[in-house]
$ cat target_27.cif   # mmCIF, C-alpha atoms
data_upload
loop_
_atom_site.group_PDB
_atom_site.id
_atom_site.type_symbol
_atom_site.label_atom_id
_atom_site.label_comp_id
_atom_site.auth_asym_id
_atom_site.auth_seq_id
_atom_site.Cartn_x
_atom_site.Cartn_y
_atom_site.Cartn_z
ATOM 1 C CA MET A 1 122.410 99.535 134.534
ATOM 2 C CA ASP A 2 119.022 99.409 132.888
ATOM 3 C CA ILE A 3 119.513 100.233 129.247
ATOM 4 C CA THR A 4 117.097 99.214 126.502
ATOM 5 C CA ILE A 5 117.144 99.800 122.768
ATOM 6 C CA HIS A 6 114.727 102.657 122.249
ATOM 7 C CA ASN A 7 114.953 103.971 118.680
ATOM 8 C CA THR A 8 116.997 102.909 115.743
ATOM 9 C CA PHE A 9 117.002 104.564 112.320
ATOM 10 C CA LEU A 10 116.428 103.333 108.792
ATOM 11 C CA PRO A 11 116.314 105.549 105.698
ATOM 12 C CA HIS A 12 113.260 105.896 103.486
ATOM 13 C CA THR A 13 113.229 107.304 99.980
ATOM 14 C CA ASP A 14 109.441 107.389 99.642
ATOM 15 C CA PRO A 15 107.673 107.965 102.977
ATOM 16 C CA GLU A 16 104.278 106.633 101.863
ATOM 17 C CA ALA A 17 105.760 103.446 100.397
ATOM 18 C CA SER A 18 107.833 102.757 103.521
ATOM 19 C CA LEU A 19 104.906 103.572 105.807
ATOM 20 C CA ALA A 20 102.711 101.118 103.897
ATOM 21 C CA PHE A 21 105.374 98.390 104.133
ATOM 22 C CA TYR A 22 106.037 98.690 107.870
ATOM 23 C CA ARG A 23 102.378 99.233 108.792
ATOM 24 C CA ASP A 24 100.446 97.074 106.317
ATOM 25 C CA VAL A 25 102.946 94.354 105.389
ATOM 26 C CA LEU A 26 104.871 93.879 108.669
ATOM 27 C CA GLY A 27 101.920 94.913 110.856
ATOM 28 C CA PHE A 28 103.823 97.503 112.882
ATOM 29 C CA GLU A 29 101.994 100.339 114.597
ATOM 30 C CA VAL A 30 102.708 103.956 113.703
ATOM 31 C CA ARG A 31 103.708 105.827 116.850
ATOM 32 C CA LEU A 32 104.709 109.190 115.484
ATOM 33 C CA ASP A 33 104.694 110.855 112.083
ATOM 34 C CA VAL A 34 106.318 114.261 111.993
ATOM 35 C CA GLY A 35 107.088 116.466 109.029
ATOM 36 C CA TYR A 36 109.378 119.379 108.410
ATOM 37 C CA GLU A 37 109.210 121.168 105.081
ATOM 38 C CA ASN A 38 108.886 118.264 102.629
ATOM 39 C CA MET A 39 110.577 115.707 104.894
ATOM 40 C CA ARG A 40 109.033 113.112 107.210
ATOM 41 C CA TRP A 41 110.196 111.134 110.217
ATOM 42 C CA ILE A 42 107.910 108.157 110.851
ATOM 43 C CA THR A 43 108.257 106.131 114.051
ATOM 44 C CA VAL A 44 107.027 102.535 113.806
ATOM 45 C CA GLY A 45 107.311 99.462 115.983
ATOM 46 C CA PRO A 46 105.786 96.066 116.687
ATOM 47 C CA PRO A 47 102.648 96.240 118.900
ATOM 48 C CA ASN A 48 104.127 93.683 121.320
ATOM 49 C CA GLN A 49 107.307 95.711 121.867
ATOM 50 C CA PRO A 50 106.228 99.212 122.908
ATOM 51 C CA ASP A 51 109.667 100.374 124.111
ATOM 52 C CA THR A 52 111.556 99.750 120.885
ATOM 53 C CA ALA A 53 110.944 101.611 117.654
ATOM 54 C CA ILE A 54 112.372 102.241 114.212
ATOM 55 C CA VAL A 55 112.445 105.806 112.940
ATOM 56 C CA LEU A 56 112.089 105.913 109.168
ATOM 57 C CA HIS A 57 113.946 109.032 108.179
ATOM 58 C CA PRO A 58 114.911 110.997 105.063
ATOM 59 C CA PRO A 59 118.553 110.056 104.424
ATOM 60 C CA ALA A 60 121.528 112.396 104.586
ATOM 61 C CA VAL A 61 119.582 115.572 105.346
ATOM 62 C CA ASP A 62 121.953 116.678 108.090
ATOM 63 C CA PRO A 63 123.450 119.923 106.739
ATOM 64 C CA SER A 64 126.917 118.743 107.748
ATOM 65 C CA VAL A 65 126.711 115.862 105.262
ATOM 66 C CA THR A 66 128.528 116.969 102.102
ATOM 67 C CA ASP A 67 127.025 116.688 98.609
ATOM 68 C CA GLU A 68 129.528 113.965 97.777
ATOM 69 C CA GLU A 69 128.604 111.970 100.896
ATOM 70 C CA ARG A 70 124.900 112.464 100.172
ATOM 71 C CA ARG A 71 125.355 111.156 96.635
ATOM 72 C CA MET A 72 127.161 108.089 97.920
ATOM 73 C CA ILE A 73 124.607 107.372 100.647
ATOM 74 C CA ASN A 74 121.750 107.598 98.152
ATOM 75 C CA GLU A 75 123.572 105.278 95.775
ATOM 76 C CA MET A 76 124.238 102.730 98.506
ATOM 77 C CA ILE A 77 120.578 102.796 99.543
ATOM 78 C CA ALA A 78 119.553 102.223 95.898
ATOM 79 C CA LYS A 79 122.087 99.368 95.562
ATOM 80 C CA GLY A 80 120.801 97.766 98.751
ATOM 81 C CA THR A 81 124.123 97.909 100.595
ATOM 82 C CA TYR A 82 123.421 100.714 103.079
ATOM 83 C CA SER A 83 121.507 99.228 106.009
ATOM 84 C CA MET A 84 119.635 96.220 107.256
ATOM 85 C CA LEU A 85 117.328 95.053 109.993
ATOM 86 C CA VAL A 86 116.953 91.623 111.579
ATOM 87 C CA LEU A 87 113.592 90.620 113.029
ATOM 88 C CA ALA A 88 112.458 87.430 114.751
ATOM 89 C CA THR A 89 109.175 85.557 114.823
ATOM 90 C CA ASP A 90 107.759 82.458 116.518
ATOM 91 C CA ASP A 91 106.399 81.042 113.245
ATOM 92 C CA LEU A 92 108.639 81.841 110.305
ATOM 93 C CA GLY A 93 106.602 79.864 107.791
ATOM 94 C CA ALA A 94 103.330 81.612 108.608
ATOM 95 C CA THR A 95 105.047 85.008 108.744
ATOM 96 C CA PHE A 96 106.669 84.472 105.364
ATOM 97 C CA ASP A 97 103.389 83.357 103.776
ATOM 98 C CA ALA A 98 101.660 86.451 105.135
ATOM 99 C CA LEU A 99 104.400 88.784 103.870
ATOM 100 C CA GLN A 100 104.353 87.175 100.443
ATOM 101 C CA ALA A 101 100.542 87.389 100.279
ATOM 102 C CA ARG A 102 100.808 91.090 101.084
ATOM 103 C CA GLY A 103 103.174 91.632 98.192
ATOM 104 C CA ALA A 104 106.537 91.859 99.968
ATOM 105 C CA ASP A 105 109.611 91.973 97.740
ATOM 106 C CA VAL A 106 111.106 88.557 98.570
ATOM 107 C CA VAL A 107 114.900 88.148 98.509
ATOM 108 C CA GLN A 108 115.153 84.731 100.143
ATOM 109 C CA GLU A 109 112.554 82.120 100.951
ATOM 110 C CA PRO A 110 112.786 80.467 104.387
ATOM 111 C CA MET A 111 115.834 78.224 104.569
ATOM 112 C CA ASP A 112 118.125 76.629 107.119
ATOM 113 C CA GLN A 113 121.422 78.451 107.309
ATOM 114 C CA ASP A 114 124.709 76.741 107.998
ATOM 115 C CA TYR A 115 125.257 78.872 111.047
ATOM 116 C CA GLY A 116 122.351 77.282 112.817
ATOM 117 C CA LEU A 117 119.247 79.329 112.189
ATOM 118 C CA ARG A 118 116.337 79.394 109.789
ATOM 119 C CA ASP A 119 115.464 82.699 108.145
ATOM 120 C CA CYS A 120 114.015 84.505 105.146
ATOM 121 C CA ALA A 121 114.651 87.969 103.706
ATOM 122 C CA VAL A 122 112.671 90.742 102.031
ATOM 123 C CA ARG A 123 113.497 94.263 100.822
ATOM 124 C CA ASP A 124 111.727 97.269 102.192
ATOM 125 C CA PRO A 125 110.670 99.837 99.566
ATOM 126 C CA ALA A 126 113.800 101.958 100.073
ATOM 127 C CA GLY A 127 116.136 98.980 99.558
ATOM 128 C CA ASN A 128 116.957 98.109 103.169
ATOM 129 C CA LEU A 129 117.341 94.358 103.656
ATOM 130 C CA VAL A 130 114.971 92.945 106.257
ATOM 131 C CA ARG A 131 115.941 89.463 107.463
ATOM 132 C CA ILE A 132 113.438 87.568 109.593
ATOM 133 C CA GLN A 133 114.546 84.580 111.615
ATOM 134 C CA GLN A 134 112.770 81.827 113.472
ATOM 135 C CA ARG A 135 112.869 82.620 117.194
ATOM 136 C CA LYS A 136 114.505 79.915 119.276
ATOM 137 C CA GLN A 137 112.008 78.307 121.581
ATOM 138 C CA MET B 1 124.924 121.947 89.012
ATOM 139 C CA VAL B 2 124.605 118.255 88.227
ATOM 140 C CA SER B 3 121.353 117.546 86.472
ATOM 141 C CA VAL B 4 118.634 116.169 88.754
ATOM 142 C CA ILE B 5 117.536 113.962 85.878
ATOM 143 C CA ALA B 6 121.007 112.407 85.563
ATOM 144 C CA VAL B 7 121.142 111.684 89.320
ATOM 145 C CA ASP B 8 117.662 110.130 89.239
ATOM 146 C CA ALA B 9 118.594 107.987 86.240
ATOM 147 C CA ARG B 10 121.696 106.776 88.092
ATOM 148 C CA LEU B 11 119.637 105.798 91.164
ATOM 149 C CA GLU B 12 117.005 104.098 88.992
ATOM 150 C CA GLU B 13 119.712 102.027 87.305
ATOM 151 C CA LEU B 14 121.155 101.006 90.685
ATOM 152 C CA LYS B 15 117.690 99.900 91.810
ATOM 153 C CA LEU B 16 117.398 97.704 88.711
ATOM 154 C CA LEU B 17 120.813 96.194 89.422
ATOM 155 C CA ARG B 18 119.703 95.535 93.003
ATOM 156 C CA GLN B 19 116.625 93.738 91.660
ATOM 157 C CA VAL B 20 118.874 91.574 89.503
ATOM 158 C CA ARG B 21 121.066 90.704 92.474
ATOM 159 C CA ASP B 22 118.033 89.944 94.658
ATOM 160 C CA ARG B 23 116.648 87.726 91.916
ATOM 161 C CA MET B 24 119.888 85.732 91.899
ATOM 162 C CA ASP B 25 119.682 85.348 95.678
ATOM 163 C CA ARG B 26 116.050 84.267 95.391
ATOM 164 C CA GLU B 27 116.189 82.055 92.286
ATOM 165 C CA TYR B 28 119.784 80.781 92.117
ATOM 166 C CA ALA B 29 118.473 77.209 92.207
ATOM 167 C CA GLN B 30 116.495 77.800 88.996
ATOM 168 C CA PRO B 31 118.148 77.392 85.603
ATOM 169 C CA LEU B 32 118.904 81.107 85.541
ATOM 170 C CA ASP B 33 121.446 82.717 83.232
ATOM 171 C CA VAL B 34 122.649 86.242 82.531
ATOM 172 C CA GLU B 35 120.477 86.509 79.406
ATOM 173 C CA ALA B 36 117.340 85.774 81.434
ATOM 174 C CA LEU B 37 118.398 88.223 84.136
ATOM 175 C CA ALA B 38 119.024 90.912 81.513
ATOM 176 C CA ARG B 39 115.654 90.325 79.844
ATOM 177 C CA GLY B 40 113.987 90.790 83.231
ATOM 178 C CA VAL B 41 115.232 94.382 83.417
ATOM 179 C CA HIS B 42 115.146 95.150 79.686
ATOM 180 C CA MET B 43 118.902 95.363 79.218
ATOM 181 C CA SER B 44 121.269 93.516 76.937
ATOM 182 C CA ALA B 45 123.359 90.841 78.658
ATOM 183 C CA GLY B 46 126.589 92.709 77.906
ATOM 184 C CA HIS B 47 125.284 96.009 79.254
ATOM 185 C CA LEU B 48 123.947 94.339 82.403
ATOM 186 C CA SER B 49 127.266 92.589 83.024
ATOM 187 C CA ARG B 50 129.262 95.815 82.672
ATOM 188 C CA ARG B 51 126.946 97.925 84.816
ATOM 189 C CA PHE B 52 126.554 95.219 87.478
ATOM 190 C CA LYS B 53 130.298 94.811 87.749
ATOM 191 C CA ALA B 54 130.761 98.573 88.029
ATOM 192 C CA ALA B 55 128.227 98.660 90.899
ATOM 193 C CA TYR B 56 129.030 95.465 92.795
ATOM 194 C CA GLY B 57 132.624 94.681 91.863
ATOM 195 C CA GLU B 58 131.937 91.368 90.123
ATOM 196 C CA SER B 59 129.929 90.224 87.128
ATOM 197 C CA PRO B 60 126.411 88.836 87.582
ATOM 198 C CA TYR B 61 127.663 85.463 86.300
ATOM 199 C CA SER B 62 130.342 85.395 88.987
ATOM 200 C CA TYR B 63 127.862 86.463 91.684
ATOM 201 C CA LEU B 64 125.371 83.778 90.655
ATOM 202 C CA MET B 65 127.966 81.022 90.490
ATOM 203 C CA THR B 66 129.372 82.026 93.875
ATOM 204 C CA ARG B 67 125.888 81.791 95.390
ATOM 205 C CA ARG B 68 125.473 78.350 93.846
ATOM 206 C CA ILE B 69 128.856 77.107 95.007
ATOM 207 C CA GLU B 70 128.223 78.430 98.508
ATOM 208 C CA ARG B 71 124.928 76.537 98.657
ATOM 209 C CA ALA B 72 126.549 73.467 97.115
ATOM 210 C CA MET B 73 129.150 73.452 99.895
ATOM 211 C CA THR B 74 126.361 73.296 102.465
ATOM 212 C CA LEU B 75 124.614 70.465 100.640
ATOM 213 C CA LEU B 76 127.858 68.518 100.135
ATOM 214 C CA ARG B 77 128.680 68.823 103.830
ATOM 215 C CA ARG B 78 125.270 67.391 104.642
ATOM 216 C CA GLY B 79 126.445 64.282 102.850
ATOM 217 C CA ASP B 80 123.109 62.820 101.691
ATOM 218 C CA LEU B 81 123.347 63.960 98.039
ATOM 219 C CA SER B 82 125.820 62.989 95.332
ATOM 220 C CA VAL B 83 127.905 65.635 93.554
ATOM 221 C CA THR B 84 125.680 65.366 90.477
ATOM 222 C CA GLU B 85 122.530 65.760 92.557
ATOM 223 C CA VAL B 86 124.009 68.812 94.291
ATOM 224 C CA CYS B 87 124.963 70.308 90.924
ATOM 225 C CA TRP B 88 121.328 70.103 89.744
ATOM 226 C CA GLU B 89 119.991 71.165 93.130
ATOM 227 C CA VAL B 90 121.822 74.522 92.967
ATOM 228 C CA GLY B 91 120.681 75.309 89.431
ATOM 229 C CA CYS B 92 123.801 74.350 87.455
ATOM 230 C CA GLN B 93 123.063 72.796 84.057
ATOM 231 C CA SER B 94 126.547 71.442 83.437
ATOM 232 C CA LEU B 95 128.482 69.221 85.785
ATOM 233 C CA GLY B 96 131.734 70.242 84.064
ATOM 234 C CA THR B 97 131.169 73.975 84.602
ATOM 235 C CA PHE B 98 130.016 73.336 88.158
ATOM 236 C CA SER B 99 133.065 71.257 89.051
ATOM 237 C CA ALA B 100 135.484 73.699 87.422
ATOM 238 C CA ARG B 101 134.024 76.743 89.174
ATOM 239 C CA PHE B 102 133.795 74.869 92.474
ATOM 240 C CA THR B 103 137.463 73.899 92.222
ATOM 241 C CA GLU B 104 138.460 77.495 91.385
ATOM 242 C CA LEU B 105 136.631 78.926 94.376
ATOM 243 C CA VAL B 106 137.173 76.246 96.981
ATOM 244 C CA GLY B 107 140.562 74.875 95.953
ATOM 245 C CA MET B 108 139.443 71.269 95.522
ATOM 246 C CA PRO B 109 136.903 69.395 93.397
ATOM 247 C CA PRO B 110 133.410 68.905 94.875
ATOM 248 C CA SER B 111 133.969 65.143 95.214
ATOM 249 C CA VAL B 112 137.063 65.700 97.380
ATOM 250 C CA TYR B 113 135.275 68.406 99.373
ATOM 251 C CA ARG B 114 132.363 66.057 100.034
ATOM 252 C CA GLU B 115 134.793 63.386 101.190
ATOM 253 C CA LYS B 116 136.649 65.766 103.522
ATOM 254 C CA ALA B 117 133.420 67.236 104.899
ATOM 255 C CA ALA B 118 132.676 63.901 106.490
ATOM 256 C CA HIS B 119 135.652 64.626 108.759
ATOM 257 C CA THR B 120 134.345 67.983 110.000
ATOM 258 C CA ALA B 121 131.259 66.301 111.441
ATOM 259 C CA GLY B 122 131.040 67.282 115.090
ATOM 260 C CA LEU B 123 132.645 70.714 114.724
ATOM 261 C CA PRO B 124 130.358 73.625 115.625
ATOM 262 C CA SER B 125 128.535 74.780 112.470
ATOM 263 C CA CYS B 126 129.784 78.367 112.875
ATOM 264 C CA VAL B 127 133.387 77.123 112.752
ATOM 265 C CA VAL B 128 132.700 74.972 109.703
ATOM 266 C CA LYS B 129 131.047 77.956 108.001
ATOM 267 C CA THR B 130 133.966 80.268 108.684
ATOM 268 C CA VAL B 131 136.726 77.962 107.565
ATOM 269 C CA THR B 132 135.008 76.546 104.512
ATOM 270 C CA ARG B 133 133.193 79.448 102.858
ATOM 271 C CA PRO B 134 134.291 80.731 99.459
ATOM 272 C CA VAL B 135 135.654 84.251 99.241
ATOM 273 C CA ARG B 136 134.301 86.330 96.386
ATOM 274 C CA ASN B 137 136.874 87.737 94.010
ATOM 275 C CA ARG B 138 139.633 85.807 95.693
ATOM 276 C CA GLU B 139 139.944 82.420 94.239
ATOM 277 C CA ALA B 140 141.646 79.683 96.186
ATOM 278 C CA ARG B 141 145.340 79.211 95.530
ATOM 279 C CA THR B 142 146.246 76.012 93.815
ATOM 280 C CA GLY B 143 149.546 74.189 93.923
ATOM 281 C CA THR B 144 152.042 74.347 96.727
ATOM 282 C CA PRO B 145 152.269 77.483 98.878
ATOM 283 C CA ALA B 146 155.329 79.676 98.283
#

$ encode --input "target_27.cif" --output "structure tokens"
Amino acid sequence: MDITIHNTFLPHTDPEASLAFYRDVLGFEVRLDVGYENMRWITVGPPNQPDTAIVLHPPAVDPSVTDEERRMINEMIAKGTYSMLVLATDDLGATFDALQARGADVVQEPMDQDYGLRDCAVRDPAGNLVRIQQRKQ
Amino acid sequence: MVSVIAVDARLEELKLLRQVRDRMDREYAQPLDVEALARGVHMSAGHLSRRFKAAYGESPYSYLMTRRIERAMTLLRRGDLSVTEVCWEVGCQSLGTFSARFTELVGMPPSVYREKAAHTAGLPSCVVKTVTRPVRNREARTGTPA
């Protein structure tokens, strides 16, 4: 088999704010930006990984999601408990300094974790947790 | 129809509570307390505690102390700092409060934990992490098992 991870989805609650974070703070490229009525689906990904992308999407817009489910999803996004993303970098210290200089919302400064890796964490503008770990050499 | 304004206000409050929780994750090692956290989001300490507990299932004080104890466990296992040094290192101002909360969560005083940790040296870190981490909202049983 020859399966790769192609697209994965993260919610946004403010398309311009999320676009700015993924493009200007993380340095991702914008591969597609499509709109329908007042909704937007924005596909972003790291320049060095052209086959894998994140689609930033308006949450819970599927008509088969009930009002009650939509309310809960929006509350979980606001609370920061809905979804997360883990990234890796060759130089965690330099990456963290760059993110902080660009105004990222820092949750955890780089630190060694008990379970054997070193990572930091920031919030994206919607409230998704983005952990970034030092890539093993 | 539920008012759009009421829904927005609810989401705005949850975002503030998230900021408080993130601040505890970020600054737990500072001398942070619930009053300071509440001032940061323009709430009273009592209101923050009630709303935070309603959203996250535990009070901000409990969340903060759990973060500190969790970090303290790591530092104690490392073995190069004394219990008092670890207490300060994780932002606790009072050794008495630190030791009491540690004992509640972990089931033994930090000094005993530090002593025992010397014997887990050599185990894979993921195993140590799993068997030694505190469980939020479920304090360790004390005394003899039934």

$ resolve_selection --input "target_27.cif" --expression "the PyMOL selection byres ((chain B and resi 88) around 12)" --output "compact mmCIF listing (two decimals) with C-alpha atoms, in the frame of the given file"
# COMPACT_ATOMS: atom_id res chain seq x y z
CA TYR B 28 119.78 80.78 92.12
CA ALA B 29 118.47 77.21 92.21
CA GLN B 30 116.50 77.80 89.00
CA PRO B 31 118.15 77.39 85.60
CA ARG B 68 125.47 78.35 93.85
CA ILE B 69 128.86 77.11 95.01
CA ARG B 71 124.93 76.54 98.66
CA ALA B 72 126.55 73.47 97.12
CA LEU B 75 124.61 70.46 100.64
CA LEU B 81 123.35 63.96 98.04
CA SER B 82 125.82 62.99 95.33
CA VAL B 83 127.90 65.64 93.55
CA THR B 84 125.68 65.37 90.48
CA GLU B 85 122.53 65.76 92.56
CA VAL B 86 124.01 68.81 94.29
CA CYS B 87 124.96 70.31 90.92
CA GLU B 89 119.99 71.17 93.13
CA VAL B 90 121.82 74.52 92.97
CA GLY B 91 120.68 75.31 89.43
CA CYS B 92 123.80 74.35 87.46
CA GLN B 93 123.06 72.80 84.06
CA SER B 94 126.55 71.44 83.44
CA LEU B 95 128.48 69.22 85.78
CA GLY B 96 131.73 70.24 84.06
CA THR B 97 131.17 73.97 84.60
CA PHE B 98 130.02 73.34 88.16
CA SER B 99 133.06 71.26 89.05

$ interface_residues --input "target_27.cif" --of "chain B" --to "chain A" --cutoff "8 Å" --atoms "all atoms listed in the file" --output "ChimeraX atom specification"
/B:11-12,14-15,17-18,22-23,25-26,55,74,125-126,129

$ residues_around --input "target_27.cif" --residues "Leu56 (chain A)" --least-positions-apart "3" --cutoff "9 Å" --atoms "only C-alpha atoms" --output "count of residues only"
13

$ atom_distance --input "target_27.cif" --atom1 "CA of Met72 (chain A)" --atom2 "CA of Pro59 (chain A)"
11.0 Å

$ residues_around --input "target_27.cif" --residues "Pro50 (chain A)" --least-positions-apart "2" --cutoff "12 Å" --atoms "all atoms listed in the file" --output "list in words"
Thr4, Ile5, His6, Asn7, Phe28, Glu29, Val30, Arg31, Thr43, Val44, Gly45, Pro46, Pro47, Asn48, Thr52, Ala53 and Ile54 of chain A

$ write_last_selection --input "target_27.cif" --atoms "C-alpha atoms" --output "PDB file, keeping the file's coordinate frame"
ATOM      1  CA  THR A   4     117.097  99.214 126.502  1.00  0.00           C
ATOM      2  CA  ILE A   5     117.144  99.800 122.768  1.00  0.00           C
ATOM      3  CA  HIS A   6     114.727 102.657 122.249  1.00  0.00           C
ATOM      4  CA  ASN A   7     114.953 103.971 118.680  1.00  0.00           C
ATOM      5  CA  PHE A  28     103.823  97.503 112.882  1.00  0.00           C
ATOM      6  CA  GLU A  29     101.994 100.339 114.597  1.00  0.00           C
ATOM      7  CA  VAL A  30     102.708 103.956 113.703  1.00  0.00           C
ATOM      8  CA  ARG A  31     103.708 105.827 116.850  1.00  0.00           C
ATOM      9  CA  THR A  43     108.257 106.131 114.051  1.00  0.00           C
ATOM     10  CA  VAL A  44     107.027 102.535 113.806  1.00  0.00           C
ATOM     11  CA  GLY A  45     107.311  99.462 115.983  1.00  0.00           C
ATOM     12  CA  PRO A  46     105.786  96.066 116.687  1.00  0.00           C
ATOM     13  CA  PRO A  47     102.648  96.240 118.900  1.00  0.00           C
ATOM     14  CA  ASN A  48     104.127  93.683 121.320  1.00  0.00           C
ATOM     15  CA  THR A  52     111.556  99.750 120.885  1.00  0.00           C
ATOM     16  CA  ALA A  53     110.944 101.611 117.654  1.00  0.00           C
ATOM     17  CA  ILE A  54     112.372 102.241 114.212  1.00  0.00           C
TER      18      ILE A  54
END

$ resolve_selection --input "target_27.cif" --expression "the PyMOL selection byres ((chain B and resi 48) around 9)" --output "list in words"
Leu17, Val34, Leu37, Ala38, Val41, Met43, Ser44, Ala45, Gly46, His47, Ser49, Arg50, Arg51, Phe52, Lys53, Ser59 and Pro60 of chain B

$ write_last_selection --input "target_27.cif" --atoms "C-alpha atoms" --output "short mmCIF file (atom, residue, chain, number, x, y, z; two decimals), in the frame of the given file"
data_model
loop_
_atom_site.label_atom_id
_atom_site.label_comp_id
_atom_site.auth_asym_id
_atom_site.auth_seq_id
_atom_site.Cartn_x
_atom_site.Cartn_y
_atom_site.Cartn_z
CA LEU B 17 120.81 96.19 89.42
CA VAL B 34 122.65 86.24 82.53
CA LEU B 37 118.40 88.22 84.14
CA ALA B 38 119.02 90.91 81.51
CA VAL B 41 115.23 94.38 83.42
CA MET B 43 118.90 95.36 79.22
CA SER B 44 121.27 93.52 76.94
CA ALA B 45 123.36 90.84 78.66
CA GLY B 46 126.59 92.71 77.91
CA HIS B 47 125.28 96.01 79.25
CA SER B 49 127.27 92.59 83.02
CA ARG B 50 129.26 95.82 82.67
CA ARG B 51 126.95 97.92 84.82
CA PHE B 52 126.55 95.22 87.48
CA LYS B 53 130.30 94.81 87.75
CA SER B 59 129.93 90.22 87.13
CA PRO B 60 126.41 88.84 87.58
#

$ resolve_selection --input "target_27.cif" --expression "the PyMOL selection byres ((chain A and resi 82-98) around 6)" --output "JSON, numbers by chain"
{"A": [76, 77, 80, 81, 99, 100, 101, 128, 129, 130, 131, 132, 133, 134, 135]}

$ atom_distance --input "target_27.cif" --atom1 "CA of Thr13 (chain A)" --atom2 "CA of Pro58 (chain A)"
6.5 Å

$ atom_distance --input "target_27.cif" --atom1 "CA of Leu76 (chain B)" --atom2 "CA of Val20 (chain B)"
26.9 Å

$ closest_residue --input "target_27.cif" --among "A:Leu117, A:Ile73, A:Val61, A:Val25" --to "Arg102 (chain A)" --atoms "only C-alpha atoms"
A:Val25
